[in-house]
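J.: Structure file upload-v8.csv (CSV, C-alpha atoms and all ligand atoms) is given on the next line.
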chain,number,residue,atom,x,y,z
A,1,MET,CA,0.0,0.0,0.0
A,2,ILE,CA,1.1,3.5,-0.8
A,3,VAL,CA,0.5,6.4,1.6
A,4,SER,CA,0.9,9.8,0.0
A,5,MET,CA,1.6,12.6,2.4
A,6,GLN,CA,0.2,16.1,1.9
A,7,LYS,CA,2.5,18.7,0.5
A,8,GLY,CA,4.1,20.3,3.6
A,9,ALA,CA,3.4,17.3,5.9
A,10,THR,CA,5.6,17.6,9.0
A,11,PRO,CA,8.3,15.1,10.0
A,12,GLU,CA,6.2,14.1,13.0
A,13,GLU,CA,3.2,13.3,10.8
A,14,ILE,CA,5.4,11.2,8.5
A,15,ASP,CA,6.9,9.5,11.5
A,16,ALA,CA,3.4,8.7,12.8
A,17,VAL,CA,2.6,6.8,9.6
A,18,VAL,CA,5.9,4.9,9.9
A,19,GLN,CA,5.2,4.0,13.5
A,20,ARG,CA,1.7,2.8,12.8
A,21,ALA,CA,3.1,0.5,10.0
A,22,HIS,CA,5.7,-0.9,12.4
A,23,SER,CA,3.1,-1.5,15.1
A,24,LEU,CA,1.3,-3.6,12.6
A,25,GLY,CA,4.4,-5.6,11.8
A,26,MET,CA,4.9,-3.9,8.4
A,27,ASP,CA,8.1,-2.5,6.9
A,28,VAL,CA,8.3,0.8,5.2
A,29,GLN,CA,10.3,2.7,2.6
A,30,LEU,CA,10.1,6.4,2.0
A,31,ASN,CA,10.3,8.3,-1.2
A,32,TRP,CA,11.3,11.9,-0.3
A,33,GLY,CA,10.0,13.6,-3.5
A,34,THR,CA,10.7,17.2,-4.1
A,35,ASP,CA,7.4,18.4,-2.8
A,36,LYS,CA,5.7,15.3,-1.4
A,37,THR,CA,6.7,12.3,0.6
A,38,VAL,CA,5.4,8.9,-0.3
A,39,VAL,CA,5.5,6.0,2.2
A,40,ALA,CA,5.4,2.4,0.9
A,41,ILE,CA,3.9,0.0,3.4
A,42,LEU,CA,5.5,-3.3,2.8
A,43,GLY,CA,4.5,-6.7,4.1
A,44,SER,CA,3.1,-10.0,3.0
A,45,ASN,CA,-0.5,-9.1,4.0
A,46,THR,CA,-0.9,-5.4,3.3
A,47,GLY,CA,-3.8,-6.5,1.1
A,48,GLN,CA,-5.8,-7.3,4.2
A,49,LEU,CA,-5.2,-3.9,5.8
A,50,PRO,CA,-8.0,-1.4,5.4
A,51,THR,CA,-6.7,1.7,3.7
A,52,GLY,CA,-8.4,3.7,6.4
A,53,THR,CA,-5.7,2.6,8.9
A,54,PHE,CA,-3.5,5.2,7.4
A,55,ALA,CA,-6.0,7.6,5.7
A,56,VAL,CA,-7.2,8.9,9.1
A,57,LEU,CA,-3.7,9.9,10.2
A,58,PRO,CA,-2.9,13.7,10.2
A,59,GLY,CA,-1.0,14.9,7.1
A,60,VAL,CA,-2.0,12.0,4.9
A,61,GLU,CA,-3.4,13.0,1.5
A,62,GLY,CA,-4.4,9.6,0.3
A,63,THR,CA,-3.8,5.9,0.2
A,64,THR,CA,-3.5,3.6,-2.9
A,65,ARG,CA,-3.0,-0.1,-3.2
A,66,ILE,CA,-0.2,-1.2,-5.5
A,67,MET,CA,-1.8,-3.8,-7.6
A,68,LYS,CA,1.4,-5.0,-9.2
A,69,PRO,CA,3.7,-7.7,-7.6
A,70,TYR,CA,6.6,-5.2,-7.7
A,71,LYS,CA,6.3,-2.3,-5.3
A,72,LEU,CA,9.5,-0.3,-4.9
A,73,SER,CA,10.4,-0.3,-8.6
A,74,SER,CA,6.9,0.9,-9.5
A,75,ARG,CA,5.9,4.4,-10.5
A,76,THR,CA,3.1,4.3,-8.1
A,77,PHE,CA,5.6,4.4,-5.3
A,78,LYS,CA,8.0,6.8,-7.1
A,79,PRO,CA,6.4,8.8,-9.9
A,80,GLN,CA,9.6,10.7,-10.8
A,81,ASP,CA,12.4,9.0,-12.9
A,82,SER,CA,15.3,7.7,-10.9
A,83,THR,CA,18.9,8.5,-11.7
A,84,VAL,CA,21.9,6.4,-10.8
A,85,SER,CA,25.5,7.6,-10.3
A,86,ILE,CA,28.3,5.3,-11.4
A,87,ALA,CA,31.2,7.1,-9.8
A,88,GLY,CA,29.8,10.5,-11.0
A,89,VAL,CA,28.5,9.3,-14.4
A,90,GLU,CA,24.8,9.9,-14.2
A,91,VAL,CA,22.5,7.3,-15.7
A,92,GLY,CA,18.9,8.2,-16.4
A,93,GLY,CA,19.4,11.9,-17.2
A,94,LYS,CA,19.5,13.6,-20.6
A,95,ARG,CA,22.7,12.0,-21.5
A,96,ILE,CA,22.6,8.4,-23.0
A,97,VAL,CA,25.5,6.6,-21.2
A,98,ILE,CA,27.6,4.3,-23.3
A,99,MET,CA,29.2,1.4,-21.4
A,100,ALA,CA,31.6,-0.6,-23.5
A,101,GLY,CA,34.5,-3.0,-23.4
A,102,PRO,CA,35.4,-6.6,-23.9
A,103,CYS,CA,33.2,-9.4,-22.8
A,104,ALA,CA,36.0,-10.8,-20.6
A,105,VAL,CA,39.1,-9.2,-19.2
A,106,GLU,CA,41.9,-11.3,-20.9
A,107,SER,CA,45.1,-9.5,-20.3
A,108,LYS,CA,46.5,-6.1,-19.3
A,109,GLU,CA,47.3,-5.2,-23.0
A,110,GLN,CA,43.8,-6.2,-24.2
A,111,LEU,CA,42.0,-4.2,-21.5
A,112,MET,CA,44.2,-1.1,-21.9
A,113,GLU,CA,43.7,-1.1,-25.6
A,114,ALA,CA,39.9,-1.7,-25.3
A,115,ALA,CA,39.7,1.1,-22.7
A,116,SER,CA,41.6,3.6,-24.8
A,117,ILE,CA,39.5,2.8,-27.9
A,118,VAL,CA,36.1,3.0,-26.2
A,119,LYS,CA,37.0,6.2,-24.3
A,120,GLU,CA,38.3,7.9,-27.4
A,121,ALA,CA,35.1,7.0,-29.2
A,122,GLY,CA,33.0,8.6,-26.5
A,123,ALA,CA,32.0,5.8,-24.0
A,124,SER,CA,31.9,6.9,-20.4
A,125,VAL,CA,31.9,3.6,-18.5
A,126,LEU,CA,34.2,0.6,-19.1
A,127,ARG,CA,32.6,-2.8,-18.9
A,128,GLY,CA,34.6,-6.0,-18.7
A,129,GLY,CA,34.0,-9.4,-17.0
A,130,ALA,CA,36.4,-10.8,-14.5
A,131,PHE,CA,34.0,-13.6,-13.5
A,132,LYS,CA,32.2,-15.1,-16.5
A,133,PRO,CA,29.0,-17.1,-16.4
A,134,ARG,CA,29.7,-19.8,-19.0
A,135,THR,CA,27.2,-22.4,-20.3
A,136,SER,CA,29.9,-25.0,-20.1
A,137,PRO,CA,32.2,-25.5,-17.1
A,138,PHE,CA,35.1,-26.2,-19.5
A,139,SER,CA,34.9,-22.8,-21.1
A,140,PHE,CA,37.1,-19.9,-19.9
A,141,GLN,CA,35.7,-18.7,-16.6
A,142,GLY,CA,37.5,-15.3,-16.4
A,143,LEU,CA,40.6,-14.1,-14.7
A,144,LYS,CA,38.7,-13.6,-11.4
A,145,LYS,CA,40.7,-11.6,-8.8
A,146,ALA,CA,43.5,-10.9,-11.3
A,147,GLY,CA,40.9,-9.5,-13.7
A,148,LEU,CA,39.5,-7.2,-11.0
A,149,GLU,CA,42.9,-5.9,-10.3
A,150,LEU,CA,43.4,-5.2,-14.0
A,151,LEU,CA,40.1,-3.4,-14.1
A,152,ALA,CA,41.1,-1.2,-11.2
A,153,GLU,CA,44.4,-0.4,-12.8
A,154,VAL,CA,42.8,0.6,-16.1
A,155,ARG,CA,40.2,2.7,-14.3
A,156,GLU,CA,42.9,4.8,-12.7
A,157,ARG,CA,44.8,5.1,-16.0
A,158,PHE,CA,41.8,6.1,-18.1
A,159,ASN,CA,39.7,7.7,-15.4
A,160,MET,CA,36.7,5.7,-16.4
A,161,PRO,CA,34.3,4.0,-13.9
A,162,ILE,CA,34.0,0.2,-14.3
A,163,VAL,CA,31.1,-2.1,-14.3
A,164,THR,CA,31.7,-5.8,-13.9
A,165,GLU,CA,29.7,-8.9,-13.2
A,166,VAL,CA,29.4,-10.7,-9.9
A,167,LEU,CA,28.3,-14.3,-10.0
A,168,SER,CA,28.1,-15.4,-6.4
A,169,THR,CA,27.2,-14.1,-3.0
A,170,LEU,CA,30.7,-15.2,-1.9
A,171,ASP,CA,32.3,-12.7,-4.3
A,172,VAL,CA,30.1,-9.6,-3.7
A,173,SER,CA,32.4,-7.9,-1.2
A,174,GLN,CA,35.5,-8.6,-3.3
A,175,VAL,CA,33.9,-7.4,-6.5
A,176,ALA,CA,32.4,-4.3,-4.8
A,177,LYS,CA,35.8,-3.3,-3.6
A,178,TYR,CA,37.1,-2.9,-7.1
A,179,ALA,CA,34.0,-2.1,-9.2
A,180,ASP,CA,32.0,1.1,-9.5
A,181,ALA,CA,28.9,-0.8,-10.4
A,182,LEU,CA,28.0,-4.5,-10.1
A,183,GLN,CA,26.4,-6.4,-13.0
A,184,ILE,CA,24.0,-9.2,-12.2
A,185,GLY,CA,23.7,-11.4,-15.3
A,186,ALA,CA,20.7,-12.8,-17.0
A,187,ARG,CA,21.2,-16.2,-15.6
A,188,ASN,CA,21.2,-14.8,-12.1
A,189,MET,CA,18.2,-12.5,-12.3
A,190,GLN,CA,16.3,-14.7,-10.0
A,191,ASN,CA,19.2,-15.6,-7.7
A,192,TYR,CA,17.5,-13.9,-4.7
A,193,ALA,CA,20.3,-14.4,-2.3
A,194,LEU,CA,22.7,-12.7,-4.7
A,195,LEU,CA,20.3,-9.9,-5.3
A,196,SER,CA,19.9,-9.2,-1.6
A,197,ARG,CA,23.7,-9.4,-1.0
A,198,ALA,CA,24.4,-7.1,-4.0
A,199,GLY,CA,21.7,-4.6,-2.7
A,200,LYS,CA,23.5,-4.5,0.6
A,201,SER,CA,26.8,-3.7,-1.0
A,202,LYS,CA,25.4,-0.2,-1.7
A,203,ARG,CA,27.1,-0.2,-5.1
A,204,PRO,CA,25.0,0.7,-8.1
A,205,VAL,CA,23.6,-2.5,-9.7
A,206,LEU,CA,22.9,-3.3,-13.3
A,207,LEU,CA,20.3,-6.0,-13.3
A,208,LYS,CA,20.0,-7.9,-16.6
A,209,ARG,CA,16.8,-9.4,-17.7
A,210,GLY,CA,16.6,-13.2,-17.4
A,211,LEU,CA,16.5,-15.2,-20.6
A,212,SER,CA,12.8,-16.1,-20.1
A,213,ALA,CA,11.7,-13.5,-17.6
A,214,THR,CA,8.6,-11.4,-18.1
A,215,VAL,CA,8.9,-7.6,-17.4
A,216,THR,CA,6.9,-8.2,-14.2
A,217,GLU,CA,9.3,-10.9,-12.9
A,218,TRP,CA,12.2,-8.6,-13.8
A,219,LEU,CA,10.8,-5.6,-11.9
A,220,THR,CA,9.9,-7.8,-9.0
A,221,ALA,CA,13.6,-9.0,-8.9
A,222,ALA,CA,14.7,-5.4,-8.9
A,223,ASP,CA,12.6,-5.0,-5.7
A,224,TYR,CA,15.1,-7.3,-3.9
A,225,LEU,CA,17.8,-4.8,-4.6
A,226,LEU,CA,15.7,-1.8,-3.7
A,227,ALA,CA,14.4,-3.5,-0.5
A,228,GLU,CA,18.0,-3.3,0.8
A,229,ASN,CA,17.6,0.5,0.8
A,230,ASN,CA,19.8,0.6,-2.3
A,231,ASP,CA,18.2,3.0,-4.8
A,232,GLN,CA,21.0,2.8,-7.3
A,233,VAL,CA,19.4,0.2,-9.6
A,234,MET,CA,19.5,0.1,-13.4
A,235,LEU,CA,17.8,-2.5,-15.6
A,236,CYS,CA,19.4,-4.0,-18.7
A,237,GLU,CA,17.4,-5.4,-21.5
A,238,ARG,CA,19.6,-8.0,-23.3
A,239,GLY,CA,17.1,-10.0,-25.3
A,240,ILE,CA,14.9,-13.0,-24.4
A,241,ARG,CA,14.5,-16.5,-25.7
A,242,THR,CA,11.7,-16.9,-28.3
A,243,PHE,CA,11.0,-19.3,-31.1
A,244,GLU,CA,13.2,-17.1,-33.4
A,245,ASP,CA,16.5,-18.8,-34.0
A,246,SER,CA,18.1,-16.6,-36.7
A,247,ILE,CA,19.6,-14.4,-33.9
A,248,ARG,CA,21.0,-15.3,-30.5
A,249,PHE,CA,18.1,-13.7,-28.5
A,250,SER,CA,15.2,-11.6,-29.5
A,251,LEU,CA,15.8,-8.0,-28.4
A,252,ASP,CA,12.5,-7.0,-26.7
A,253,ILE,CA,12.4,-3.3,-27.6
A,254,SER,CA,8.8,-3.2,-26.4
A,255,SER,CA,10.0,-3.6,-22.9
A,256,LEU,CA,11.4,-0.1,-22.9
A,257,PRO,CA,8.1,1.9,-23.2
A,258,VAL,CA,6.5,-0.6,-20.9
A,259,ILE,CA,9.1,-0.1,-18.2
A,260,LYS,CA,9.1,3.6,-18.7
A,261,ARG,CA,5.4,3.6,-18.0
A,262,PHE,CA,5.3,1.3,-15.0
A,263,SER,CA,8.7,1.9,-13.4
A,264,HIS,CA,11.0,4.8,-12.5
A,265,LEU,CA,14.2,2.8,-13.0
A,266,PRO,CA,16.7,3.7,-15.8
A,267,VAL,CA,17.0,1.1,-18.6
A,268,ILE,CA,20.2,0.2,-20.5
A,269,VAL,CA,20.0,-1.9,-23.6
A,270,ASP,CA,22.7,-4.5,-24.5
A,271,PRO,CA,22.4,-5.2,-28.2
A,272,SER,CA,25.5,-7.4,-28.3
A,273,HIS,CA,24.2,-10.3,-26.3
A,274,ALA,CA,20.9,-10.2,-28.1
A,275,ALA,CA,22.5,-10.0,-31.6
A,276,GLY,CA,25.2,-12.7,-31.1
A,277,HIS,CA,26.7,-11.3,-34.3
A,278,TYR,CA,28.5,-8.0,-34.8
A,279,ALA,CA,26.6,-7.3,-38.0
A,280,PHE,CA,23.3,-6.9,-36.2
A,281,VAL,CA,24.6,-4.8,-33.3
A,282,PRO,CA,24.4,-1.3,-34.9
A,283,ALA,CA,20.7,-1.5,-36.0
A,284,MET,CA,19.7,-2.9,-32.6
A,285,ALA,CA,21.6,-0.1,-30.8
A,286,LYS,CA,19.9,2.5,-32.9
A,287,ALA,CA,16.5,1.0,-32.2
A,288,ALA,CA,17.2,1.0,-28.5
A,289,ILE,CA,17.9,4.7,-28.5
A,290,ALA,CA,14.8,5.4,-30.5
A,291,ALA,CA,12.8,3.4,-28.0
A,292,GLY,CA,14.0,5.4,-25.0
A,293,ALA,CA,17.1,3.6,-23.7
A,294,ASP,CA,19.0,5.5,-21.0
A,295,GLY,CA,22.2,3.8,-22.1
A,296,LEU,CA,23.8,1.1,-24.1
A,297,LEU,CA,26.1,-1.8,-23.2
A,298,ILE,CA,28.2,-2.8,-26.1
A,299,GLU,CA,30.9,-5.4,-26.4
A,300,VAL,CA,34.1,-4.1,-28.1
A,301,HIS,CA,37.4,-6.0,-28.5
A,302,PRO,CA,40.7,-4.7,-29.9
A,303,ASN,CA,40.8,-7.9,-32.0
A,304,PRO,CA,37.5,-9.8,-32.0
A,305,LYS,CA,39.1,-12.8,-33.9
A,306,GLU,CA,41.3,-13.4,-30.9
A,307,ALA,CA,38.6,-12.9,-28.2
A,308,LEU,CA,38.3,-15.7,-25.6
A,309,VAL,CA,34.6,-15.0,-25.2
A,310,ASP,CA,31.9,-13.6,-27.4
A,311,GLY,CA,34.2,-12.6,-30.3
A,312,LEU,CA,31.5,-12.9,-33.0
A,313,GLN,CA,29.3,-10.3,-31.4
A,314,SER,CA,32.1,-7.9,-30.4
A,315,LEU,CA,32.6,-4.8,-32.5
A,316,THR,CA,36.0,-3.9,-33.8
A,317,PRO,CA,37.5,-0.5,-32.8
A,318,SER,CA,36.6,1.0,-36.2
A,319,ASP,CA,33.0,-0.4,-36.2
A,320,PHE,CA,32.5,0.9,-32.7
A,321,THR,CA,33.9,4.4,-33.5
A,322,ARG,CA,31.6,4.6,-36.6
A,323,LEU,CA,28.6,3.4,-34.6
A,324,MET,CA,29.2,6.1,-32.0
A,325,GLN,CA,29.1,8.8,-34.7
A,326,GLU,CA,25.9,7.4,-36.1
A,327,LEU,CA,24.2,7.3,-32.7
A,328,LYS,CA,24.8,11.0,-31.9
A,329,PRO,CA,22.2,12.5,-34.3
A,330,LEU,CA,19.7,9.7,-33.3
A,331,ALA,CA,20.1,10.7,-29.6
A,332,GLU,CA,19.4,14.3,-30.6
A,333,ALA,CA,16.3,13.3,-32.5
A,334,VAL,CA,14.8,12.0,-29.3
A,335,GLY,CA,15.9,15.0,-27.2
A,336,ARG,CA,19.0,13.3,-25.6
A,337,TYR,CA,22.7,13.5,-26.2
A,338,ILE,CA,25.7,11.1,-26.0
B,401,LIG,C1,27.8,-10.5,-20.3
B,401,LIG,O1,27.3,-9.4,-20.1
B,401,LIG,O2,28.9,-10.7,-20.8
B,401,LIG,C2,26.8,-11.7,-20.2
B,401,LIG,C3,27.3,-12.9,-20.0
B,401,LIG,O3,25.6,-11.3,-20.3
B,401,LIG,P1,24.2,-12.0,-20.1
B,401,LIG,O4,24.1,-12.2,-18.6
B,401,LIG,O5,23.2,-11.0,-20.5
B,401,LIG,O6,24.1,-13.2,-20.9
B,402,MN,MN,29.6,-11.4,-23.4
Would you mind writing the file's structure down as structure tokens?

T.:
Amino acid sequence: MIVSMQKGATPEEIDAVVQRAHSLGMDVQLNWGTDKTVVAILGSNTGQLPTGTFAVLPGVEGTTRIMKPYKLSSRTFKPQDSTVSIAGVEVGGKRIVIMAGPCAVESKEQLMEAASIVKEAGASVLRGGAFKPRTSPFSFQGLKKAGLELLAEVRERFNMPIVTEVLSTLDVSQVAKYADALQIGARNMQNYALLSRAGKSKRPVLLKRGLSATVTEWLTAADYLLAENNDQVMLCERGIRTFEDSIRFSLDISSLPVIKRFSHLPVIVDPSHAAGHYAFVPAMAKAAIAAGADGLLIEVHPNPKEALVDGLQSLTPSDFTRLMQELKPLAEAVGRYI
């Protein structure tokens, strides 16, 4: 249930709502809007609570039930768009943020070269995996701690924040020590223990959509992060599994306007993992910007033919540089910039 306070409600009036919720065994989260505060009443049986329980309290403007399974990620709780700061790079504002880099950190030379290319072309966040979720246990699993150290070194050298994936609850504190933002991969979207732990880290989190997850399941998963009082949450559409097999995953562009309507969270689009092939990435990146993406996550490798992971979908330096030029007028056409 959502309790909207009147404009100018006093801190005591807000506190009385919070205390009433606690006395009923409910949890709360507050959205301190610019002119109005909204209190979300959270618990498994808020549906049984009469709305009058809160409506009678002084300073309360009104009460609404959130009819969706997701609460904290919904616009009913927070009508204004959220922004996330990745070490000072704002996601969810006018600027479309480009996160780019190799699928996996492979070596110092490879990462340095990738960082220099993507920065030069206009990307503002470096993305590279130190822990890789591989379908087969016999595939390259990432450089792990050594990869994190390389990411940290390259961040200092190029003054670029880094986002990197965390696969397990056991690694969250280590990854959070090095990364400016944590990525939760598609295969872990419903790993609830990992979501809670990542939420507690207080690092910004990029939550990828599960391969077969509905938008509702995805936003409900985001609630696990937000429930830890971590409001630095970004969604990442990376394609879903459908009957279509001419492409790795079907990029669900329609999820963008749907999310923008029902949620306040920023959305990044990853055309690389949906495409599975470098030739399809540019068109899908452009479609994402046209559909309202707040950022893009693009795989770029200094030499894709030599890549240990996802070489086929990685852009070459020159393809990435060209794409960045092509994206700029598109961003302007939708009232944004890169
Ligand atoms: C990745 O970003 O490299 C990755 C493995 O992505 P996803 O979780 O979307 O498959
Ligand atoms: Mn990849």

J.: Counting all atoms listed in the file, which residues in segment 200-299 of chain A sit no more than 12 Å from segment 64-71 of chain A? For each one, give the nearest pair of atoms and the distance in Å, sorted by chain then residue number, as a Markdown table.

T.:
| residue | atom | partner | partner_atom | distance |
| --- | --- | --- | --- | --- |
| A:Val215 | CA | A:Tyr70 | CA | 10.3 |
| A:Thr216 | CA | A:Tyr70 | CA | 7.2 |
| A:Glu217 | CA | A:Tyr70 | CA | 8.2 |
| A:Trp218 | CA | A:Tyr70 | CA | 9.0 |
| A:Leu219 | CA | A:Tyr70 | CA | 6.0 |
| A:Thr220 | CA | A:Tyr70 | CA | 4.4 |
| A:Ala221 | CA | A:Tyr70 | CA | 8.1 |
| A:Ala222 | CA | A:Tyr70 | CA | 8.2 |
| A:Asp223 | CA | A:Tyr70 | CA | 6.3 |
| A:Tyr224 | CA | A:Tyr70 | CA | 9.5 |
| A:Leu225 | CA | A:Tyr70 | CA | 11.6 |
| A:Leu226 | CA | A:Lys71 | CA | 9.5 |
| A:Ala227 | CA | A:Lys71 | CA | 9.5 |
| A:Ile259 | CA | A:Tyr70 | CA | 11.9 |
| A:Phe262 | CA | A:Lys68 | CA | 9.4 |
| A:Ser263 | CA | A:Tyr70 | CA | 9.3 |
| A:His264 | CA | A:Lys71 | CA | 11.2 |

J.: Tell me which residues come within 9 Å of (34.2, -6.5, -29.3), as an NGL selection string, counting all atoms listed in the file in the file's coordinates.

T.: :A and (100-103 or 114 or 272 or 278 or 298-304 or 307 or 310-317 or 320)

J.: Find the residues with any atom within 12 Å of (16.2, 1.8, -22.1); use all atoms listed in the file and the coordinates as given in the file, and write the answer as a VMD selection string.

T.: chain A and resid 91 to 93 96 to 98 208 234 to 238 251 to 261 263 to 271 285 to 297

J.: With all atoms listed in the file as the basis for distance, which of A:Ala16, A:His273, A:Arg127, A:Ile2 is at the shortest distance from Gly47 of chain A?

T.: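 For Gly47 of chain A, the nearest of the candidates is A:Ile2.
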
J.: Of the candidates A:Ser73, A:Thr164, A:Ser250, A:Gln325, which one gets nearest to ligand MN 402 (chain B) if we count only C-alpha atoms and all ligand atoms?

T.: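 Among the listed residues, A:Thr164 lies closest to ligand MN 402 (chain B).
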
J.: Pick from A:Leu170, A:Val163, A:Leu323, A:Val175: nearest to ligand LIG 401 (chain B), with all atoms listed in the file counted?

T.: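 Among the listed residues, A:Val163 lies closest to ligand LIG 401 (chain B).
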
J.: Pick out the closest residue to ligand LIG 401 (chain B) from this set: A:Val118, A:Ala279, A:Met99, A:Leu151. Count all atoms listed in the file.

T.: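 Ranked by minimum distance to ligand LIG 401 (chain B), first place goes to A:Met99.
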
J.: Could you give me, as a PyMOL selection string, the residues within 10 Å of segment 53-55 of chain A, counting all atoms listed in the file and dropping anything in the same chain fewer than 2 positions from it?

T.: chain A and resi 1-5+16-18+20-21+41+49-51+57-64

J.: Nearest to ligand MN 402 (chain B): which of A:Gln183, A:Ser196, A:Ser82, A:Gln6 is it, counting only C-alpha atoms and all ligand atoms?

T.: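 Nearest candidate to ligand MN 402 (chain B) out of A:Gln183, A:Ser196, A:Ser82, A:Gln6: A:Gln183.
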
J.: Can you tell me how far atom CA of Pro282 of chain A sits from atom P1 of ligand LIG 401 (chain B), in Å to one decimal?

T.: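 These two atoms are separated by 18.3 Å.
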
J.: Select, from A:Glu165, A:Asp231, A:Asp319, A:Glu326, the residue with the minimum atom-to-atom distance to ligand LIG 401 (chain B), counting all atoms listed in the file.

T.: A:Glu165

J.: Suppose you want the space between atom CA of Met324 of chain A and atom CA of Ile184 of chain A; what is it in Å?

T.: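 If I compute the distance from atom CA of Met324 of chain A to atom CA of Ile184 of chain A, I get 25.6 Å.
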
J.: What gap, in Å, lies between atom CA of Ser116 of chain A and atom CA of Gly142 of chain A?

T.: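 Atom-to-atom, atom CA of Ser116 of chain A to atom CA of Gly142 of chain A, that is 21.1 Å.
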
J.: Could you give me, as a list of chain:residue names, the residues within 9 Å of Tyr178 of chain A, counting all atoms listed in the file and dropping anything in the same chain fewer than 5 positions from it?

T.: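 The neighbour list is A:Leu148, A:Glu149, A:Leu151, A:Ala152, A:Ile162.
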
J.: Using only C-alpha atoms, determine which residues lie at most 7 Å from Arg248 of chain A, disregarding the query and same-chain residues fewer than 6 positions distant; provide the list as a ChimeraX atom specification.

T.: /A:274-276
